[in-house]
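As stored in upload19.tsv (TSV, C-alpha atoms):
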```tsv
chain	number	residue	atom	x	y	z
A	1	MET	CA	0.00	0.00	0.00
A	2	SER	CA	1.26	3.49	-0.82
A	3	SER	CA	2.52	5.66	2.03
A	4	GLN	CA	0.54	8.54	0.59
A	5	PRO	CA	-2.70	9.39	2.42
A	6	ALA	CA	-5.82	7.90	0.85
A	7	PHE	CA	-7.57	11.29	0.91
A	8	THR	CA	-6.23	14.84	0.81
A	9	PRO	CA	-7.55	17.02	3.66
A	10	PRO	CA	-9.49	20.17	2.73
A	11	PRO	CA	-7.46	23.38	2.29
A	12	GLY	CA	-6.23	24.66	5.65
A	13	ALA	CA	-7.08	21.43	7.47
A	14	GLN	CA	-4.77	19.14	9.40
A	15	ALA	CA	-5.07	15.38	9.73
A	16	TYR	CA	-3.70	14.03	13.01
A	17	PRO	CA	-4.42	11.61	15.89
A	18	LEU	CA	-6.55	13.24	18.60
A	19	ARG	CA	-5.24	11.98	21.93
A	20	THR	CA	-7.82	11.13	24.59
A	21	PRO	CA	-7.96	9.06	27.80
A	22	ARG	CA	-9.58	6.30	25.72
A	23	GLY	CA	-6.93	6.23	23.01
A	24	GLU	CA	-6.18	8.09	19.79
A	25	PHE	CA	-8.73	8.89	17.11
A	26	ALA	CA	-7.92	10.02	13.58
A	27	VAL	CA	-9.36	13.45	12.85
A	28	VAL	CA	-9.39	16.08	10.13
A	29	ASP	CA	-9.41	19.46	11.85
A	30	SER	CA	-10.13	22.74	10.03
A	31	PRO	CA	-9.47	25.84	12.16
A	32	VAL	CA	-11.19	29.15	11.52
A	33	PRO	CA	-8.81	31.21	9.37
A	34	PRO	CA	-7.47	34.63	10.38
A	35	GLY	CA	-9.85	37.46	9.69
A	36	ILE	CA	-13.00	35.48	10.51
A	37	GLU	CA	-14.56	35.68	13.95
A	38	PRO	CA	-14.52	32.23	15.62
A	39	LYS	CA	-18.02	31.22	16.70
A	40	GLY	CA	-17.60	27.64	17.88
A	41	VAL	CA	-16.44	24.08	17.26
A	42	ALA	CA	-18.29	21.26	15.48
A	43	LEU	CA	-17.52	17.59	16.09
A	44	MET	CA	-18.73	15.36	13.25
A	45	LEU	CA	-19.34	11.58	13.45
A	46	PRO	CA	-19.62	9.50	10.24
A	47	GLY	CA	-22.00	6.68	9.47
A	48	PHE	CA	-21.77	2.94	8.87
A	49	THR	CA	-18.87	2.03	6.51
A	50	GLY	CA	-18.09	5.76	6.40
A	51	SER	CA	-15.25	7.93	7.66
A	52	LYS	CA	-14.31	11.48	8.57
A	53	GLU	CA	-13.84	12.17	4.85
A	54	ASP	CA	-17.61	12.08	4.36
A	55	PHE	CA	-17.62	15.66	5.71
A	56	THR	CA	-14.78	16.93	3.50
A	57	LEU	CA	-16.99	19.21	1.41
A	58	LEU	CA	-18.46	20.88	4.50
A	59	HIS	CA	-15.17	22.15	5.97
A	60	GLU	CA	-14.55	25.22	3.80
A	61	PRO	CA	-18.09	26.68	3.89
A	62	LEU	CA	-18.36	26.09	7.65
A	63	VAL	CA	-15.03	27.65	8.59
A	64	ALA	CA	-16.02	30.61	6.39
A	65	ARG	CA	-18.99	31.03	8.75
A	66	GLY	CA	-16.70	30.95	11.80
A	67	TYR	CA	-16.96	27.30	12.86
A	68	ARG	CA	-13.95	25.06	13.43
A	69	VAL	CA	-14.75	21.62	12.00
A	70	VAL	CA	-13.34	18.43	13.51
A	71	ALA	CA	-14.39	15.24	11.71
A	72	VAL	CA	-13.42	11.97	13.40
A	73	ASP	CA	-13.05	8.29	12.56
A	74	GLY	CA	-14.70	6.31	15.34
A	75	ARG	CA	-13.03	3.38	16.99
A	76	GLY	CA	-12.24	0.77	14.32
A	77	GLN	CA	-13.24	3.07	11.45
A	78	PHE	CA	-10.71	3.69	8.66
A	79	GLU	CA	-7.70	5.34	10.36
A	80	SER	CA	-8.73	4.94	14.02
A	81	ASP	CA	-7.46	1.72	15.56
A	82	GLY	CA	-9.55	-0.89	17.30
A	83	PRO	CA	-9.74	-4.66	17.86
A	84	GLU	CA	-10.10	-6.84	14.76
A	85	ASP	CA	-12.36	-9.48	16.33
A	86	ASP	CA	-13.71	-8.23	19.68
A	87	GLU	CA	-17.22	-6.98	19.02
A	88	ALA	CA	-17.67	-5.98	22.68
A	89	ALA	CA	-15.27	-3.08	22.10
A	90	TYR	CA	-17.84	-1.61	19.68
A	91	ALA	CA	-20.90	-1.75	21.92
A	92	GLN	CA	-22.88	1.46	21.50
A	93	ASP	CA	-22.14	2.54	25.07
A	94	GLU	CA	-18.39	2.18	24.41
A	95	LEU	CA	-18.60	4.23	21.22
A	96	ALA	CA	-20.66	6.87	23.02
A	97	ARG	CA	-18.03	7.18	25.74
A	98	ASP	CA	-15.44	7.65	23.00
A	99	VAL	CA	-17.44	10.64	21.76
A	100	LEU	CA	-17.49	12.19	25.24
A	101	VAL	CA	-13.70	12.08	25.51
A	102	GLN	CA	-13.27	13.31	21.94
A	103	ALA	CA	-15.38	16.34	22.79
A	104	GLY	CA	-13.42	16.82	26.01
A	105	ALA	CA	-10.12	16.74	24.14
A	106	LEU	CA	-11.24	19.69	22.01
A	107	GLY	CA	-11.30	21.87	25.11
A	108	ALA	CA	-14.69	23.55	24.74
A	109	PRO	CA	-18.37	22.60	24.41
A	110	VAL	CA	-19.05	21.51	20.84
A	111	HIS	CA	-21.88	21.35	18.35
A	112	LEU	CA	-22.27	17.60	17.81
A	113	VAL	CA	-23.22	16.26	14.36
A	114	GLY	CA	-23.87	12.62	13.58
A	115	HIS	CA	-24.61	11.14	10.16
A	116	SER	CA	-26.77	7.98	10.04
A	117	LEU	CA	-25.14	5.46	12.44
A	118	GLY	CA	-23.08	8.39	13.74
A	119	GLY	CA	-26.33	10.10	14.73
A	120	GLN	CA	-27.38	7.17	16.87
A	121	ILE	CA	-23.96	7.06	18.53
A	122	ALA	CA	-24.18	10.84	19.07
A	123	ARG	CA	-27.62	10.38	20.64
A	124	ALA	CA	-26.22	7.74	23.00
A	125	ALA	CA	-23.39	10.09	24.00
A	126	VAL	CA	-25.80	12.94	24.74
A	127	LEU	CA	-27.97	10.62	26.83
A	128	LEU	CA	-24.91	9.64	28.89
A	129	ASP	CA	-23.78	13.24	29.45
A	130	HIS	CA	-24.99	16.29	27.55
A	131	SER	CA	-22.65	18.76	29.27
A	132	PRO	CA	-19.87	18.68	26.59
A	133	PHE	CA	-22.35	19.73	23.89
A	134	LEU	CA	-24.01	22.95	22.77
A	135	SER	CA	-26.39	21.27	20.31
A	136	LEU	CA	-27.07	18.02	18.50
A	137	THR	CA	-27.72	17.67	14.76
A	138	LEU	CA	-28.92	14.31	13.43
A	139	VAL	CA	-28.15	14.00	9.71
A	140	ALA	CA	-30.22	11.31	7.93
A	141	SER	CA	-30.41	9.44	11.24
A	142	GLY	CA	-33.72	8.04	12.42
A	143	PRO	CA	-35.45	7.22	15.68
A	144	ALA	CA	-34.89	3.45	15.78
A	145	GLN	CA	-33.79	0.58	13.52
A	146	ILE	CA	-33.17	1.06	9.80
A	147	SER	CA	-35.74	0.14	7.13
A	148	ASP	CA	-36.42	-3.52	6.29
A	149	SER	CA	-34.70	-3.23	2.91
A	150	GLN	CA	-31.58	-1.77	4.48
A	151	GLN	CA	-31.62	-4.43	7.19
A	152	GLN	CA	-31.45	-7.05	4.44
A	153	ARG	CA	-28.43	-5.33	2.92
A	154	VAL	CA	-26.68	-5.12	6.27
A	155	LYS	CA	-27.44	-8.81	6.92
A	156	LEU	CA	-25.88	-9.74	3.57
A	157	LEU	CA	-22.78	-7.76	4.50
A	158	ARG	CA	-22.57	-9.31	7.97
A	159	ASP	CA	-22.99	-12.82	6.53
A	160	ALA	CA	-20.19	-12.15	4.05
A	161	LEU	CA	-17.87	-10.78	6.74
A	162	ALA	CA	-18.35	-13.96	8.75
A	163	VAL	CA	-16.77	-16.12	6.03
A	164	MET	CA	-14.70	-13.79	3.81
A	165	SER	CA	-11.77	-11.41	4.16
A	166	MET	CA	-12.31	-7.67	3.95
A	167	ALA	CA	-10.64	-7.64	0.51
A	168	ALA	CA	-12.89	-10.44	-0.76
A	169	VAL	CA	-15.99	-8.70	0.61
A	170	TRP	CA	-14.98	-5.52	-1.21
A	171	GLU	CA	-14.81	-7.41	-4.50
A	172	ALA	CA	-18.22	-8.93	-3.79
A	173	ILE	CA	-19.64	-5.47	-3.07
A	174	ARG	CA	-18.23	-4.19	-6.36
A	175	ALA	CA	-19.83	-7.10	-8.20
A	176	MET	CA	-23.26	-6.48	-6.62
A	177	GLY	CA	-23.62	-2.85	-7.68
A	178	PRO	CA	-22.68	0.68	-6.62
A	179	PRO	CA	-20.92	0.27	-3.25
A	180	GLU	CA	-23.13	2.73	-1.37
A	181	GLU	CA	-26.23	0.73	-2.36
A	182	VAL	CA	-25.01	-2.63	-1.08
A	183	GLY	CA	-23.42	-1.80	2.26
A	184	GLY	CA	-20.21	-0.29	0.98
A	185	PRO	CA	-18.74	3.21	1.31
A	186	ALA	CA	-20.70	6.30	0.34
A	187	ARG	CA	-20.09	7.90	-3.02
A	188	GLY	CA	-18.84	11.38	-3.61
A	189	ILE	CA	-15.52	11.56	-1.78
A	190	GLY	CA	-12.98	9.88	-3.99
A	191	GLY	CA	-12.16	7.31	-6.64
A	192	MET	CA	-12.71	3.58	-6.32
A	193	GLU	CA	-9.15	2.86	-5.16
A	194	GLN	CA	-9.46	5.48	-2.41
A	195	LEU	CA	-12.74	3.95	-1.29
A	196	ARG	CA	-11.18	0.48	-1.35
A	197	ARG	CA	-8.35	1.66	0.91
A	198	ARG	CA	-10.87	3.17	3.29
A	199	TRP	CA	-12.92	-0.03	3.31
A	200	LEU	CA	-9.84	-2.12	4.13
A	201	GLY	CA	-9.07	0.21	7.05
A	202	ASN	CA	-12.29	-0.76	8.83
A	203	LYS	CA	-12.12	-3.46	11.50
A	204	PRO	CA	-14.44	-6.40	10.79
A	205	ALA	CA	-15.67	-6.53	14.40
A	206	GLN	CA	-16.69	-2.86	14.20
A	207	LEU	CA	-18.77	-3.47	11.07
A	208	LEU	CA	-20.39	-6.57	12.57
A	209	ALA	CA	-21.24	-4.85	15.85
A	210	THR	CA	-22.49	-1.58	14.42
A	211	GLY	CA	-24.41	-3.35	11.65
A	212	ARG	CA	-26.26	-5.27	14.35
A	213	GLN	CA	-26.93	-2.01	16.21
A	214	LEU	CA	-28.52	-0.47	13.12
A	215	CYS	CA	-30.87	-3.43	12.82
A	216	THR	CA	-31.92	-3.52	16.49
A	217	GLU	CA	-31.74	0.09	17.72
A	218	PRO	CA	-34.74	0.96	19.95
A	219	ASP	CA	-36.68	4.20	19.76
A	220	ARG	CA	-35.07	6.57	22.29
A	221	VAL	CA	-36.59	9.82	21.05
A	222	ALA	CA	-38.59	10.43	24.24
A	223	GLU	CA	-35.41	10.08	26.31
A	224	LEU	CA	-33.57	12.47	24.04
A	225	ALA	CA	-36.40	15.02	24.07
A	226	ALA	CA	-35.96	15.31	27.84
A	227	VAL	CA	-32.36	16.50	27.42
A	228	PRO	CA	-31.99	20.31	27.61
A	229	LEU	CA	-30.21	20.82	24.28
A	230	PRO	CA	-31.24	22.41	20.97
A	231	PHE	CA	-31.86	19.72	18.33
A	232	HIS	CA	-31.72	19.78	14.54
A	233	VAL	CA	-32.95	17.02	12.21
A	234	LEU	CA	-31.46	17.37	8.73
A	235	SER	CA	-31.94	15.05	5.77
A	236	GLY	CA	-32.19	14.84	2.02
A	237	ALA	CA	-35.53	14.92	0.26
A	238	HIS	CA	-35.40	11.14	-0.22
A	239	ASP	CA	-33.95	8.46	2.05
A	240	ASP	CA	-34.14	4.66	1.81
A	241	THR	CA	-32.58	4.10	5.23
A	242	TRP	CA	-35.20	5.97	7.25
A	243	PRO	CA	-38.25	7.36	5.39
A	244	VAL	CA	-38.31	11.15	5.33
A	245	THR	CA	-41.79	11.13	6.90
A	246	LEU	CA	-40.32	9.24	9.87
A	247	LEU	CA	-37.61	11.89	10.22
A	248	ASP	CA	-40.32	14.59	10.05
A	249	SER	CA	-42.23	13.04	12.94
A	250	MET	CA	-39.04	12.54	14.95
A	251	ALA	CA	-38.26	16.24	14.61
A	252	VAL	CA	-41.73	17.09	15.93
A	253	ARG	CA	-41.25	14.77	18.90
A	254	LEU	CA	-37.91	16.41	19.69
A	255	GLY	CA	-39.12	19.97	19.19
A	256	ALA	CA	-36.22	20.18	16.74
A	257	ARG	CA	-35.42	22.46	13.84
A	258	ARG	CA	-36.17	20.49	10.66
A	259	THR	CA	-34.21	20.92	7.42
A	260	VAL	CA	-34.82	19.03	4.19
A	261	ILE	CA	-32.12	19.50	1.54
A	262	PRO	CA	-33.54	19.39	-2.02
A	263	GLY	CA	-31.61	17.21	-4.45
A	264	ALA	CA	-30.04	15.15	-1.66
A	265	GLU	CA	-30.61	11.59	-0.49
A	266	HIS	CA	-29.06	9.71	2.45
A	267	SER	CA	-25.82	11.74	2.43
A	268	PRO	CA	-26.72	15.45	2.07
A	269	ASN	CA	-23.19	16.26	3.27
A	270	THR	CA	-21.85	14.81	-0.03
A	271	ASP	CA	-24.91	15.20	-2.28
A	272	GLN	CA	-25.50	18.91	-1.58
A	273	PRO	CA	-22.69	20.17	0.67
A	274	LEU	CA	-23.24	23.93	0.32
A	275	PRO	CA	-26.93	23.97	1.31
A	276	THR	CA	-26.13	21.46	4.06
A	277	ALA	CA	-23.33	23.64	5.44
A	278	ARG	CA	-25.57	26.70	5.27
A	279	ALA	CA	-28.31	24.92	7.23
A	280	LEU	CA	-25.84	23.74	9.88
A	281	ALA	CA	-24.28	27.17	10.36
A	282	ASP	CA	-27.67	28.89	10.46
A	283	PHE	CA	-28.77	26.49	13.20
A	284	TRP	CA	-25.58	27.01	15.22
A	285	ASP	CA	-25.89	30.78	14.83
A	286	SER	CA	-29.42	30.55	16.27
A	287	VAL	CA	-28.14	28.54	19.23
A	288	THR	CA	-25.48	31.14	19.95
A	289	LYS	CA	-28.04	33.95	19.67
A	290	THR	CA	-30.44	32.15	22.05
A	291	ASN	CA	-27.69	31.61	24.63
A	292	ARG	CA	-26.60	35.23	24.70
```

Could you write out this file's structure as C-alpha cells?
Amino acid sequence: MSSQPAFTPPPGAQAYPLRTPRGEFAVVDSPVPPGIEPKGVALMLPGFTGSKEDFTLLHEPLVARGYRVVAVDGRGQFESDGPEDDEAAYAQDELARDVLVQAGALGAPVHLVGHSLGGQIARAAVLLDHSPFLSLTLVASGPAQISDSQQQRVKLLRDALAVMSMAAVWEAIRAMGPPEEVGGPARGIGGMEQLRRRWLGNKPAQLLATGRQLCTEPDRVAELAAVPLPFHVLSGAHDDTWPVTLLDSMAVRLGARRTVIPGAEHSPNTDQPLPTARALADFWDSVTKTNR
C-alpha cells in the first residue's frame, strides 16, 4: 500500500491523531482562518462504513462562517485503531463514551453532528452526558432501527464478513452494484481505489457490531427530548434508510429544527454540501443567539 494518504484534507485542514484518555482517534481538523470571527467548534461523526472524509466538502463553507470543524473516525473506522475481532469493544455505550472524551479533548463545548449510524452514537453520548455539547444535529439518522430493505443489505454484509476477508468482501460489493447501495462506502468523496483503501481500514468486528446495532436500535426519542439541548434534524428529500416522513415526525417529537435539503438523499453532506453547510451554520448561529 502506498505511504501517501488515501484522501487529501481540505485546504487549511490538518489530519492528526486526537489523543484522549480512551486512546487516539484520527481526525481532520479545520481551524477558523485569520480574519474570521470564531463562533464555535463542530464535532462530526460519520455513518456505517463511512469515515471522517464524508464531511470533506463541509469544511470550507463552515469555517467561512466561523466554525472550526473536527471530523473523526470512530473506533475501528478507517484510520482509528480498534480490535479486529472483539465486538464488545464496539458496543454502543463504548462508542458513546469515546465521543465524550473526543469532545473533552477539544477543550470547549461543541456542536455535535452525527450522520446515520453516527447520529445514533451521538444520541447515546448525549444521553450519557450532555454537558460537553451545545447542540445536536442528526443528519439522515432516524429514531430506531433502519428500514427492512436496508436491514437485508446489512445482513448480507454481515454474513459475508463472517466467512470472507475484507478484501474479498470488497470485491463482492463491487460485483453487486454501486458500493453505497449494497453496504459499501458512500459515493462522492474519492475514486474507487481510495474507497477500497478506506474499506480495508475498517475493523471487521466494528462493522459486525455496528451493523447489528442499526438493525436492532430501539426508539429513544422520548429520552432524548428530555435533554436540555437544541436539536436539529437534517436530511435529504429522499432516504431509503429511514423514510423522510419518519424523520419529520421525529423532529416534531424532539421539538427540533427540521431541514430538508432538495436534491439530496441519504448523504446530504456529499450530495448537496453547500446547502447542508448553510443549514448547519444557520442552526448554530441561532443557538449562539439564544444563549446570549

(message) Residues within 12 Å of region 81-84 of chain A, please, as a ChimeraX atom specification. Count only C-alpha atoms; anything in the same chain fewer than 2 positions from it doesn't count.
(response) /A:17-18,22-26,73-79,86-90,94-95,98,161,165-166,200-209

(request) Kindly provide, as a ChimeraX atom specification, the polymer residues lying within 12 Å of (-28.6, 24.5, -0.4), counting all atoms listed in the file and using the coordinates exactly as they appear in the file. (result) /A:58,61,234-237,259-264,268-282

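The residue that comes closest to Val113 (chain A), out of A:Leu254, A:Leu195, A:Ala71, A:Val28 and on the basis of only C-alpha atoms, is A:Ala71.
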
(request) Considering only C-alpha atoms, state which residue in the set A:Pro33, A:Pro38, A:Gly142, A:Gly66 is at the smallest distance from Met250 (chain A). (result) A:Gly142

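Distances from A:Thr20, A:Met192, A:Gly118, A:Trp199 to Val169 (chain A) were compared using all atoms listed in the file, and the smallest one belongs to A:Trp199.
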
(request) Would you please work out which residue, of A:Ala6, A:Ala225, A:Val72, A:Leu43, is nearest to Pro143 (chain A) when using all atoms listed in the file? (result)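 Looking only at the distances to Pro143 (chain A), the closest residue turns out to be A:Ala225.
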
(message) Counting all atoms listed in the file, which residue out of A:His130, A:Arg68, A:Lys289, A:Lys155 sits closest to Pro34 (chain A)?
(response)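 Closest residue, counting all atoms listed in the file: A:Arg68.
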
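Distances from A:Tyr67, A:Phe7, A:Trp170, A:Phe48 to Pro31 (chain A) were compared using only C-alpha atoms, and the smallest one belongs to A:Tyr67.
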
(message) Could you list, as a PyMOL selection string, every residue within 10 Å of His111 (chain A), counting all atoms listed in the file and ignoring same-chain residues fewer than 2 positions away?
(response) chain A and resi 40-44+67+69+103+108-109+113+132-137+230+280+284+287

(message) When you look at Val139 (chain A) with a cut-off of 7 Å (counting all atoms listed in the file), what residues show up, excluding the ones that are within fewer than 4 positions of it in the same chain? I need them as number ranges by chain.
(response) A: 114-116, 119, 233-235

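We find CA of Gly191 (chain A) and CA of His59 (chain A) to be spaced 19.7 Å apart.
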
(request) One decimal, Å: what's the distance from CA of Ala251 (chain A) over to CA of Ile146 (chain A), could you say? (result)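 The value is 16.7 Å.
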
Is it possible to add all heavy atoms to region 257-268 of chain A and hand it back as a PDB file, in the frame of the given file?
```
ATOM      1  N   ARG A 257     -35.430  21.815  15.157  1.00  0.00           N
ATOM      2  CA  ARG A 257     -35.420  22.460  13.840  1.00  0.00           C
ATOM      3  C   ARG A 257     -35.379  21.343  12.793  1.00  0.00           C
ATOM      4  O   ARG A 257     -34.695  20.338  12.969  1.00  0.00           O
ATOM      5  CB  ARG A 257     -34.207  23.367  13.690  1.00  0.00           C
ATOM      6  CG  ARG A 257     -34.096  23.982  12.303  1.00  0.00           C
ATOM      7  CD  ARG A 257     -32.910  24.897  12.141  1.00  0.00           C
ATOM      8  NE  ARG A 257     -33.075  26.133  12.888  1.00  0.00           N
ATOM      9  CZ  ARG A 257     -32.588  27.315  12.517  1.00  0.00           C
ATOM     10  NH1 ARG A 257     -31.921  27.428  11.369  1.00  0.00           N
ATOM     11  NH2 ARG A 257     -32.757  28.380  13.259  1.00  0.00           N
ATOM     12  N   ARG A 258     -36.119  21.508  11.720  1.00  0.00           N
ATOM     13  CA  ARG A 258     -36.170  20.490  10.660  1.00  0.00           C
ATOM     14  C   ARG A 258     -35.699  21.109   9.354  1.00  0.00           C
ATOM     15  O   ARG A 258     -36.205  22.162   8.920  1.00  0.00           O
ATOM     16  CB  ARG A 258     -37.593  19.978  10.503  1.00  0.00           C
ATOM     17  CG  ARG A 258     -37.766  18.936   9.385  1.00  0.00           C
ATOM     18  CD  ARG A 258     -37.146  17.605   9.771  1.00  0.00           C
ATOM     19  NE  ARG A 258     -37.459  16.579   8.762  1.00  0.00           N
ATOM     20  CZ  ARG A 258     -36.552  16.116   7.908  1.00  0.00           C
ATOM     21  NH1 ARG A 258     -35.304  16.567   7.923  1.00  0.00           N
ATOM     22  NH2 ARG A 258     -36.898  15.174   7.052  1.00  0.00           N
ATOM     23  N   THR A 259     -34.711  20.475   8.717  1.00  0.00           N
ATOM     24  CA  THR A 259     -34.210  20.920   7.420  1.00  0.00           C
ATOM     25  C   THR A 259     -34.238  19.765   6.446  1.00  0.00           C
ATOM     26  O   THR A 259     -33.711  18.685   6.741  1.00  0.00           O
ATOM     27  CB  THR A 259     -32.766  21.449   7.525  1.00  0.00           C
ATOM     28  OG1 THR A 259     -32.710  22.528   8.449  1.00  0.00           O
ATOM     29  CG2 THR A 259     -32.271  21.920   6.167  1.00  0.00           C
ATOM     30  N   VAL A 260     -34.843  19.990   5.287  1.00  0.00           N
ATOM     31  CA  VAL A 260     -34.820  19.030   4.190  1.00  0.00           C
ATOM     32  C   VAL A 260     -34.027  19.661   3.047  1.00  0.00           C
ATOM     33  O   VAL A 260     -34.346  20.769   2.605  1.00  0.00           O
ATOM     34  CB  VAL A 260     -36.235  18.662   3.722  1.00  0.00           C
ATOM     35  CG1 VAL A 260     -36.177  17.717   2.521  1.00  0.00           C
ATOM     36  CG2 VAL A 260     -37.029  18.019   4.864  1.00  0.00           C
ATOM     37  N   ILE A 261     -32.994  18.981   2.587  1.00  0.00           N
ATOM     38  CA  ILE A 261     -32.120  19.500   1.540  1.00  0.00           C
ATOM     39  C   ILE A 261     -32.580  18.986   0.181  1.00  0.00           C
ATOM     40  O   ILE A 261     -32.464  17.784  -0.110  1.00  0.00           O
ATOM     41  CB  ILE A 261     -30.650  19.083   1.783  1.00  0.00           C
ATOM     42  CG1 ILE A 261     -30.174  19.534   3.178  1.00  0.00           C
ATOM     43  CG2 ILE A 261     -29.750  19.640   0.691  1.00  0.00           C
ATOM     44  CD1 ILE A 261     -30.099  21.028   3.372  1.00  0.00           C
ATOM     45  N   PRO A 262     -33.107  19.848  -0.688  1.00  0.00           N
ATOM     46  CA  PRO A 262     -33.540  19.390  -2.020  1.00  0.00           C
ATOM     47  C   PRO A 262     -32.355  18.824  -2.803  1.00  0.00           C
ATOM     48  O   PRO A 262     -31.218  19.290  -2.692  1.00  0.00           O
ATOM     49  CB  PRO A 262     -34.056  20.678  -2.682  1.00  0.00           C
ATOM     50  CG  PRO A 262     -34.388  21.592  -1.540  1.00  0.00           C
ATOM     51  CD  PRO A 262     -33.387  21.281  -0.473  1.00  0.00           C
ATOM     52  N   GLY A 263     -32.638  17.799  -3.599  1.00  0.00           N
ATOM     53  CA  GLY A 263     -31.610  17.210  -4.450  1.00  0.00           C
ATOM     54  C   GLY A 263     -30.641  16.311  -3.723  1.00  0.00           C
ATOM     55  O   GLY A 263     -29.637  15.879  -4.304  1.00  0.00           O
ATOM     56  N   ALA A 264     -30.914  16.013  -2.451  1.00  0.00           N
ATOM     57  CA  ALA A 264     -30.040  15.150  -1.660  1.00  0.00           C
ATOM     58  C   ALA A 264     -30.794  13.901  -1.231  1.00  0.00           C
ATOM     59  O   ALA A 264     -32.020  13.916  -1.069  1.00  0.00           O
ATOM     60  CB  ALA A 264     -29.502  15.891  -0.445  1.00  0.00           C
ATOM     61  N   GLU A 265     -30.031  12.829  -0.991  1.00  0.00           N
ATOM     62  CA  GLU A 265     -30.610  11.590  -0.490  1.00  0.00           C
ATOM     63  C   GLU A 265     -30.027  11.299   0.890  1.00  0.00           C
ATOM     64  O   GLU A 265     -30.070  12.177   1.761  1.00  0.00           O
ATOM     65  CB  GLU A 265     -30.403  10.467  -1.501  1.00  0.00           C
ATOM     66  CG  GLU A 265     -31.128  10.769  -2.822  1.00  0.00           C
ATOM     67  CD  GLU A 265     -31.130   9.623  -3.805  1.00  0.00           C
ATOM     68  OE1 GLU A 265     -30.768   8.480  -3.423  1.00  0.00           O
ATOM     69  OE2 GLU A 265     -31.514   9.853  -4.972  1.00  0.00           O
ATOM     70  N   HIS A 266     -29.466  10.095   1.098  1.00  0.00           N
ATOM     71  CA  HIS A 266     -29.060   9.710   2.450  1.00  0.00           C
ATOM     72  C   HIS A 266     -27.795  10.443   2.933  1.00  0.00           C
ATOM     73  O   HIS A 266     -27.529  10.457   4.127  1.00  0.00           O
ATOM     74  CB  HIS A 266     -28.842   8.196   2.523  1.00  0.00           C
ATOM     75  CG  HIS A 266     -28.539   7.690   3.893  1.00  0.00           C
ATOM     76  ND1 HIS A 266     -29.412   7.860   4.962  1.00  0.00           N
ATOM     77  CD2 HIS A 266     -27.446   7.048   4.398  1.00  0.00           C
ATOM     78  CE1 HIS A 266     -28.884   7.320   6.049  1.00  0.00           C
ATOM     79  NE2 HIS A 266     -27.702   6.824   5.735  1.00  0.00           N
ATOM     80  N   SER A 267     -27.048  11.044   2.036  1.00  0.00           N
ATOM     81  CA  SER A 267     -25.820  11.740   2.430  1.00  0.00           C
ATOM     82  C   SER A 267     -25.849  13.184   1.925  1.00  0.00           C
ATOM     83  O   SER A 267     -25.136  13.533   0.978  1.00  0.00           O
ATOM     84  CB  SER A 267     -24.580  11.018   1.900  1.00  0.00           C
ATOM     85  OG  SER A 267     -24.465   9.728   2.461  1.00  0.00           O
ATOM     86  N   PRO A 268     -26.673  14.052   2.522  1.00  0.00           N
ATOM     87  CA  PRO A 268     -26.720  15.450   2.070  1.00  0.00           C
ATOM     88  C   PRO A 268     -25.369  16.145   2.182  1.00  0.00           C
ATOM     89  O   PRO A 268     -25.081  17.073   1.435  1.00  0.00           O
ATOM     90  CB  PRO A 268     -27.767  16.095   2.969  1.00  0.00           C
ATOM     91  CG  PRO A 268     -27.942  15.169   4.118  1.00  0.00           C
ATOM     92  CD  PRO A 268     -27.614  13.803   3.622  1.00  0.00           C
TER      93      PRO A 268
END
```
